[in-house]
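Participant: Got a structure here, written out as structure tokens. Questions coming.
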Amino acid sequence: MQDMKLMVLLGVILVMTAGWVIAQNSRAKGQTEKEALTNTDRKDKIMKTEEEWKQQLSPMEYNVAREKGTERAFTGKYWDSHDEGTYICVCCGQPLFASETKFNSGTGWPSFFEPWSKKNVAEIVDRKYGMARTEVVCSHCDAHLGHVFNDGPQPTGMRYCMNSASLNFVPKGQPLPNLAENKAIDGDSQAGGNVQASNTGTATATLGGGCFWCVEAVYQDLEGVISVTSGYAGGHVKNPAYKEVCNGTTGHAEVAQIVYDPQKVSFDDLLEVFWQVHDPTTLNRQGADVGTQYRSVIFYHDEQQRERAAYYKKKLTDENTWGKPIVTEISAIPVFYPAEDYHQNYFSMNPEQGYCRAVVRPKVEKFHKAFADKLKAGVK
């Protein structure tokens, strides 16, 4: 009996030892796989200077993807999208998530229960704000995408909470970008600004037509426009503040930088709206707003934009559309400085503010009436 007990005890010890060895091997294997997954030191990684990224991306895209910012909940272009296709990196075009894995998390950010491929994303411990979270980045270019949490649905139980600004979308049936071609894109443009048709399939326009609250509110409702950022451009002061610009001594104009989908809306369409929603014949003023910061200006991002802007300005001048000379400035895009946060989405956030009721709303209503066939779905 004693020998039997000893044999049972030895058996239990052997089983426990074998289990421990297997667990340690599995843990080591899992750690190795995780290290391989989170290794961002790939030989084919895209490397660009910060200035090159700034030239390629919109201000919002740069802030989120390169500076690890976070877009406000329920404001991104993909949080409520249900189209079939593939979500790709806004910086390099690498596939990141399939629409089949997207679900409604109720958070206001695009959420997925697994990536397109585990090799296409990397995970990094993020200890900002006094907490430990798992940051998710693109393994091909280190673009910040968002964070991953273990409160998602089955079959993975994970929730990849992403920023729309870090993503672009390729509809089902369309070819995915060639990453080898993307590596050759260096962000340069003929005009020194954003690339007009970047590898992400978007383009950028920068227009000034008086108070940027008005310009922003109008273009936000135009079909094909992805984002509008109010800001300052054309002056000599770096990182100007709103009060400085209002003094009229910085040389900056209040402008709206528009990121749009050329497949849905053309630069000519943007110009058509531009000419109709402000008075291009009044020098350094729009209505009661007086000063160089309110000048009419088109900051072109490439030679094609310059040619189209010059063509339409001459055409409208020859047709004597306004009965007075057009004074709109046409210049290459200099450095664009996003305005303070409280200026962004100003009309939508402050519809009953005095200036909005008296000036912005009438312009928006005029735009809606004149371009009813070009408004986004759901815009009244």
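In the structure tokens, the first chain shown is A, the next is B, and so on; residue numbers restart at 1 for each chain, and ligands run from 1 in the order shown.
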As number ranges by chain, please: every residue in segment 112-255 of chain A that a backbone DSSP assignment puts in strand (DSSP E).

Facilitator: A: 112, 121-126, 133-138, 144-149, 159-162, 167-171, 203-209, 225-233, 253-255

Participant: Would you mind listing what lies within 10 Å of segment 346-355 of chain A as a PDB file with N, CA, C and O atoms, in the first residue's frame, with only C-alpha atoms counted and same-chain residues fewer than 2 positions away left out?

Facilitator:
ATOM      1  N   PHE A 212     -13.080  81.978 -41.637  1.00  0.00           N
ATOM      2  CA  PHE A 212     -12.990  80.533 -41.903  1.00  0.00           C
ATOM      3  C   PHE A 212     -14.157  79.755 -41.323  1.00  0.00           C
ATOM      4  O   PHE A 212     -14.406  78.620 -41.719  1.00  0.00           O
ATOM      5  N   TRP A 213     -14.908  80.326 -40.403  1.00  0.00           N
ATOM      6  CA  TRP A 213     -16.101  79.628 -39.912  1.00  0.00           C
ATOM      7  C   TRP A 213     -17.091  79.409 -41.062  1.00  0.00           C
ATOM      8  O   TRP A 213     -17.733  78.357 -41.149  1.00  0.00           O
ATOM      9  N   CYS A 214     -17.206  80.408 -41.927  1.00  0.00           N
ATOM     10  CA  CYS A 214     -18.131  80.311 -43.064  1.00  0.00           C
ATOM     11  C   CYS A 214     -17.650  79.278 -44.081  1.00  0.00           C
ATOM     12  O   CYS A 214     -18.422  78.424 -44.528  1.00  0.00           O
ATOM     13  N   GLU A 216     -15.523  76.809 -43.747  1.00  0.00           N
ATOM     14  CA  GLU A 216     -15.559  75.457 -43.186  1.00  0.00           C
ATOM     15  C   GLU A 216     -16.971  74.885 -43.215  1.00  0.00           C
ATOM     16  O   GLU A 216     -17.188  73.747 -43.649  1.00  0.00           O
ATOM     17  N   ALA A 217     -17.942  75.670 -42.769  1.00  0.00           N
ATOM     18  CA  ALA A 217     -19.324  75.197 -42.672  1.00  0.00           C
ATOM     19  C   ALA A 217     -19.888  74.809 -44.032  1.00  0.00           C
ATOM     20  O   ALA A 217     -20.631  73.831 -44.153  1.00  0.00           O
ATOM     21  N   VAL A 218     -19.524  75.556 -45.059  1.00  0.00           N
ATOM     22  CA  VAL A 218     -20.011  75.274 -46.406  1.00  0.00           C
ATOM     23  C   VAL A 218     -19.434  73.961 -46.927  1.00  0.00           C
ATOM     24  O   VAL A 218     -20.167  73.053 -47.353  1.00  0.00           O
ATOM     25  N   GLN A 220     -18.028  71.474 -45.437  1.00  0.00           N
ATOM     26  CA  GLN A 220     -18.325  70.265 -44.666  1.00  0.00           C
ATOM     27  C   GLN A 220     -19.553  69.543 -45.184  1.00  0.00           C
ATOM     28  O   GLN A 220     -19.690  68.332 -44.986  1.00  0.00           O
ATOM     29  N   SER A 230      -9.986  74.433 -40.218  1.00  0.00           N
ATOM     30  CA  SER A 230      -9.785  75.880 -40.239  1.00  0.00           C
ATOM     31  C   SER A 230      -8.372  76.201 -39.772  1.00  0.00           C
ATOM     32  O   SER A 230      -7.850  75.556 -38.849  1.00  0.00           O
ATOM     33  N   ASP A 341      -8.382  74.698 -31.348  1.00  0.00           N
ATOM     34  CA  ASP A 341      -9.434  73.677 -31.352  1.00  0.00           C
ATOM     35  C   ASP A 341     -10.841  74.275 -31.349  1.00  0.00           C
ATOM     36  O   ASP A 341     -11.753  73.745 -31.987  1.00  0.00           O
ATOM     37  N   TYR A 342     -11.025  75.384 -30.629  1.00  0.00           N
ATOM     38  CA  TYR A 342     -12.389  75.911 -30.518  1.00  0.00           C
ATOM     39  C   TYR A 342     -12.896  76.504 -31.828  1.00  0.00           C
ATOM     40  O   TYR A 342     -14.095  76.792 -31.958  1.00  0.00           O
ATOM     41  N   HIS A 343     -12.006  76.686 -32.808  1.00  0.00           N
ATOM     42  CA  HIS A 343     -12.441  77.178 -34.122  1.00  0.00           C
ATOM     43  C   HIS A 343     -12.930  76.049 -35.023  1.00  0.00           C
ATOM     44  O   HIS A 343     -13.601  76.305 -36.023  1.00  0.00           O
ATOM     45  N   GLN A 344     -12.556  74.803 -34.710  1.00  0.00           N
ATOM     46  CA  GLN A 344     -12.911  73.677 -35.576  1.00  0.00           C
ATOM     47  C   GLN A 344     -14.388  73.310 -35.383  1.00  0.00           C
ATOM     48  O   GLN A 344     -14.896  73.285 -34.276  1.00  0.00           O
ATOM     49  N   ARG A 357     -25.506  83.073 -36.564  1.00  0.00           N
ATOM     50  CA  ARG A 357     -26.885  83.302 -36.992  1.00  0.00           C
ATOM     51  C   ARG A 357     -26.968  84.390 -38.058  1.00  0.00           C
ATOM     52  O   ARG A 357     -27.746  84.266 -39.015  1.00  0.00           O
ATOM     53  N   ALA A 358     -26.153  85.424 -37.912  1.00  0.00           N
ATOM     54  CA  ALA A 358     -26.259  86.571 -38.814  1.00  0.00           C
ATOM     55  C   ALA A 358     -25.465  86.405 -40.111  1.00  0.00           C
ATOM     56  O   ALA A 358     -25.886  86.924 -41.158  1.00  0.00           O
ATOM     57  N   VAL A 359     -24.335  85.686 -40.064  1.00  0.00           N
ATOM     58  CA  VAL A 359     -23.446  85.620 -41.226  1.00  0.00           C
ATOM     59  C   VAL A 359     -23.263  84.203 -41.757  1.00  0.00           C
ATOM     60  O   VAL A 359     -23.447  83.951 -42.953  1.00  0.00           O
ATOM     61  N   VAL A 360     -22.907  83.261 -40.886  1.00  0.00           N
ATOM     62  CA  VAL A 360     -22.584  81.908 -41.357  1.00  0.00           C
ATOM     63  C   VAL A 360     -23.822  81.195 -41.892  1.00  0.00           C
ATOM     64  O   VAL A 360     -23.799  80.637 -42.998  1.00  0.00           O
ATOM     65  N   ARG A 361     -24.898  81.209 -41.112  1.00  0.00           N
ATOM     66  CA  ARG A 361     -26.099  80.475 -41.520  1.00  0.00           C
ATOM     67  C   ARG A 361     -26.633  80.918 -42.880  1.00  0.00           C
ATOM     68  O   ARG A 361     -26.956  80.057 -43.721  1.00  0.00           O
ATOM     69  N   VAL A 364     -24.495  79.357 -45.571  1.00  0.00           N
ATOM     70  CA  VAL A 364     -24.720  77.917 -45.679  1.00  0.00           C
ATOM     71  C   VAL A 364     -26.045  77.645 -46.380  1.00  0.00           C
ATOM     72  O   VAL A 364     -26.141  76.767 -47.248  1.00  0.00           O
TER      73      VAL A 364
END

Participant: Closest to Val225 of chain A among A:Asn320, A:Asp289, A:Phe97, A:Lys374, using only C-alpha atoms?

Facilitator: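 Going through A:Asn320, A:Asp289, A:Phe97, A:Lys374 one by one, the smallest distance to Val225 of chain A is for A:Lys374.
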
Participant: Identify which of the residues A:Tyr62, A:Phe169, A:Trp109, A:Phe299 lies closest to Ala332 of chain A, counting only C-alpha atoms when measuring atom-to-atom distances.

Facilitator: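 That would be A:Phe299, the residue with the smallest distance to Ala332 of chain A.
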
Participant: Tell me which protein, DNA and RNA residues are within 10 Å of Glu100 of chain A, counting only C-alpha atoms, leaving out same-chain ones fewer than 4 positions away, and put them as a CSV table (one decimal) with C-alpha atoms, in the first residue's frame.

Facilitator:
chain,number,residue,atom,x,y,z
A,82,HIS,CA,-21.0,49.8,-43.3
A,83,ASP,CA,-19.4,49.6,-46.8
A,84,GLU,CA,-17.7,46.4,-47.8
A,85,GLY,CA,-14.0,46.5,-48.5
A,86,THR,CA,-10.6,46.9,-46.8
A,112,PHE,CA,-12.7,45.7,-35.4
A,113,PHE,CA,-12.3,42.3,-33.7
A,114,GLU,CA,-9.2,41.3,-35.6
A,116,TRP,CA,-6.4,42.0,-41.7
